Amino acid sequence: MWIIDRFEGEYAVIESGGTTFNIPKSVLPEKAKEGDCIDVCINTEETKHRKEKVNSLMNKLFRNK
């Protein structure tokens with residue numbers, strides 16, 4: 001879980017597990033505010049779809065040489 005500690009210009013300062021880091025505010029939900037908790041998850045279906053697409057493109061590229 002990430003906690004929005006504060007905003008500094010175009011960045012959000014995120015706290016997670018005692019560590020802080022910055023991310024662009026633009027990647028957060030529009031209504032996110034200081035103190036909000038954000039869950040981060042992996043979209044396994046989208047990951048699988050993208051890997052299949054890349055593999056297909058690579059196969060097409062290398063078969064044509």
# chains A, B, ... in the order shown; residues from 1 in each chain; ligands from 1
>>> select_by_dssp(residues="chain A", states="strand (DSSP E)", output="ChimeraX atom specification")
/A:2-8,11-16,19-24,37-38
>>> write_last_selection(atoms="C-alpha atoms", output="mmCIF file, in the first residue's frame")
data_model
loop_
_atom_site.group_PDB
_atom_site.id
_atom_site.type_symbol
_atom_site.label_atom_id
_atom_site.label_comp_id
_atom_site.auth_asym_id
_atom_site.auth_seq_id
_atom_site.Cartn_x
_atom_site.Cartn_y
_atom_site.Cartn_z
ATOM 1 C CA TRP A 2 1.150 3.523 -0.813
ATOM 2 C CA ILE A 3 0.256 6.594 1.238
ATOM 3 C CA ILE A 4 0.325 10.036 -0.349
ATOM 4 C CA ASP A 5 2.437 12.032 2.093
ATOM 5 C CA ARG A 6 2.340 15.344 0.224
ATOM 6 C CA PHE A 7 2.528 17.024 -3.151
ATOM 7 C CA GLU A 8 5.570 18.947 -4.348
ATOM 8 C CA TYR A 11 5.136 15.177 -7.986
ATOM 9 C CA ALA A 12 3.502 13.220 -5.199
ATOM 10 C CA VAL A 13 5.709 12.108 -2.335
ATOM 11 C CA ILE A 14 4.690 8.542 -1.553
ATOM 12 C CA GLU A 15 5.419 6.664 1.671
ATOM 13 C CA SER A 16 5.548 2.892 1.682
ATOM 14 C CA THR A 19 10.531 4.646 2.575
ATOM 15 C CA THR A 20 9.516 7.669 0.536
ATOM 16 C CA PHE A 21 9.740 8.200 -3.208
ATOM 17 C CA ASN A 22 8.332 10.569 -5.797
ATOM 18 C CA ILE A 23 5.975 9.785 -8.652
ATOM 19 C CA PRO A 24 4.343 12.136 -11.148
ATOM 20 C CA CYS A 37 -3.981 5.176 0.713
ATOM 21 C CA ILE A 38 -3.482 3.649 -2.700
#
>>> select_by_dssp(residues="chain A", states="alpha helix (DSSP H)", output="JSON, numbers by chain")
{"A": [44, 45, 46, 47, 48, 49, 50, 51, 52, 53, 54, 55, 56, 57, 58, 59, 60, 61, 62, 63]}
>>> write_last_selection(atoms="N, CA and C atoms", output="PDB file, in the first residue's frame")
ATOM      1  N   THR A  44      -2.568  -9.180 -14.287  1.00  0.00           N
ATOM      2  CA  THR A  44      -1.970 -10.333 -14.947  1.00  0.00           C
ATOM      3  C   THR A  44      -2.546 -10.584 -16.331  1.00  0.00           C
ATOM      4  N   GLU A  45      -3.813 -10.306 -16.540  1.00  0.00           N
ATOM      5  CA  GLU A  45      -4.419 -10.497 -17.860  1.00  0.00           C
ATOM      6  C   GLU A  45      -3.815  -9.544 -18.886  1.00  0.00           C
ATOM      7  N   GLU A  46      -3.663  -8.274 -18.512  1.00  0.00           N
ATOM      8  CA  GLU A  46      -3.071  -7.301 -19.430  1.00  0.00           C
ATOM      9  C   GLU A  46      -1.605  -7.634 -19.692  1.00  0.00           C
ATOM     10  N   THR A  47      -0.889  -8.075 -18.662  1.00  0.00           N
ATOM     11  CA  THR A  47       0.509  -8.473 -18.839  1.00  0.00           C
ATOM     12  C   THR A  47       0.606  -9.612 -19.845  1.00  0.00           C
ATOM     13  N   LYS A  48      -0.239 -10.608 -19.689  1.00  0.00           N
ATOM     14  CA  LYS A  48      -0.246 -11.753 -20.610  1.00  0.00           C
ATOM     15  C   LYS A  48      -0.546 -11.295 -22.035  1.00  0.00           C
ATOM     16  N   HIS A  49      -1.553 -10.436 -22.188  1.00  0.00           N
ATOM     17  CA  HIS A  49      -1.935  -9.930 -23.510  1.00  0.00           C
ATOM     18  C   HIS A  49      -0.770  -9.184 -24.173  1.00  0.00           C
ATOM     19  N   ARG A  50      -0.095  -8.320 -23.430  1.00  0.00           N
ATOM     20  CA  ARG A  50       1.016  -7.550 -23.985  1.00  0.00           C
ATOM     21  C   ARG A  50       2.195  -8.444 -24.372  1.00  0.00           C
ATOM     22  N   LYS A  51       2.490  -9.453 -23.539  1.00  0.00           N
ATOM     23  CA  LYS A  51       3.570 -10.384 -23.873  1.00  0.00           C
ATOM     24  C   LYS A  51       3.264 -11.139 -25.154  1.00  0.00           C
ATOM     25  N   GLU A  52       2.013 -11.587 -25.296  1.00  0.00           N
ATOM     26  CA  GLU A  52       1.612 -12.299 -26.506  1.00  0.00           C
ATOM     27  C   GLU A  52       1.740 -11.400 -27.738  1.00  0.00           C
ATOM     28  N   LYS A  53       1.349 -10.140 -27.603  1.00  0.00           N
ATOM     29  CA  LYS A  53       1.424  -9.198 -28.718  1.00  0.00           C
ATOM     30  C   LYS A  53       2.879  -8.960 -29.127  1.00  0.00           C
ATOM     31  N   VAL A  54       3.741  -8.744 -28.145  1.00  0.00           N
ATOM     32  CA  VAL A  54       5.164  -8.509 -28.431  1.00  0.00           C
ATOM     33  C   VAL A  54       5.783  -9.745 -29.077  1.00  0.00           C
ATOM     34  N   ASN A  55       5.475 -10.922 -28.546  1.00  0.00           N
ATOM     35  CA  ASN A  55       6.017 -12.153 -29.126  1.00  0.00           C
ATOM     36  C   ASN A  55       5.553 -12.333 -30.569  1.00  0.00           C
ATOM     37  N   SER A  56       4.302 -12.023 -30.835  1.00  0.00           N
ATOM     38  CA  SER A  56       3.770 -12.124 -32.192  1.00  0.00           C
ATOM     39  C   SER A  56       4.503 -11.169 -33.137  1.00  0.00           C
ATOM     40  N   LEU A  57       4.714  -9.948 -32.709  1.00  0.00           N
ATOM     41  CA  LEU A  57       5.426  -8.969 -33.533  1.00  0.00           C
ATOM     42  C   LEU A  57       6.870  -9.395 -33.772  1.00  0.00           C
ATOM     43  N   MET A  58       7.515  -9.923 -32.748  1.00  0.00           N
ATOM     44  CA  MET A  58       8.899 -10.375 -32.907  1.00  0.00           C
ATOM     45  C   MET A  58       8.970 -11.552 -33.882  1.00  0.00           C
ATOM     46  N   ASN A  59       8.029 -12.479 -33.764  1.00  0.00           N
ATOM     47  CA  ASN A  59       8.013 -13.620 -34.682  1.00  0.00           C
ATOM     48  C   ASN A  59       7.826 -13.163 -36.129  1.00  0.00           C
ATOM     49  N   LYS A  60       6.947 -12.206 -36.356  1.00  0.00           N
ATOM     50  CA  LYS A  60       6.727 -11.680 -37.691  1.00  0.00           C
ATOM     51  C   LYS A  60       7.986 -10.989 -38.216  1.00  0.00           C
ATOM     52  N   LEU A  61       8.635 -10.243 -37.375  1.00  0.00           N
ATOM     53  CA  LEU A  61       9.831  -9.505 -37.769  1.00  0.00           C
ATOM     54  C   LEU A  61      10.955 -10.469 -38.170  1.00  0.00           C
ATOM     55  N   PHE A  62      11.200 -11.471 -37.353  1.00  0.00           N
ATOM     56  CA  PHE A  62      12.321 -12.365 -37.615  1.00  0.00           C
ATOM     57  C   PHE A  62      12.033 -13.397 -38.694  1.00  0.00           C
ATOM     58  N   ARG A  63      10.787 -13.701 -38.968  1.00  0.00           N
ATOM     59  CA  ARG A  63      10.443 -14.626 -40.032  1.00  0.00           C
ATOM     60  C   ARG A  63      10.640 -13.986 -41.405  1.00  0.00           C
TER      61      ARG A  63
END
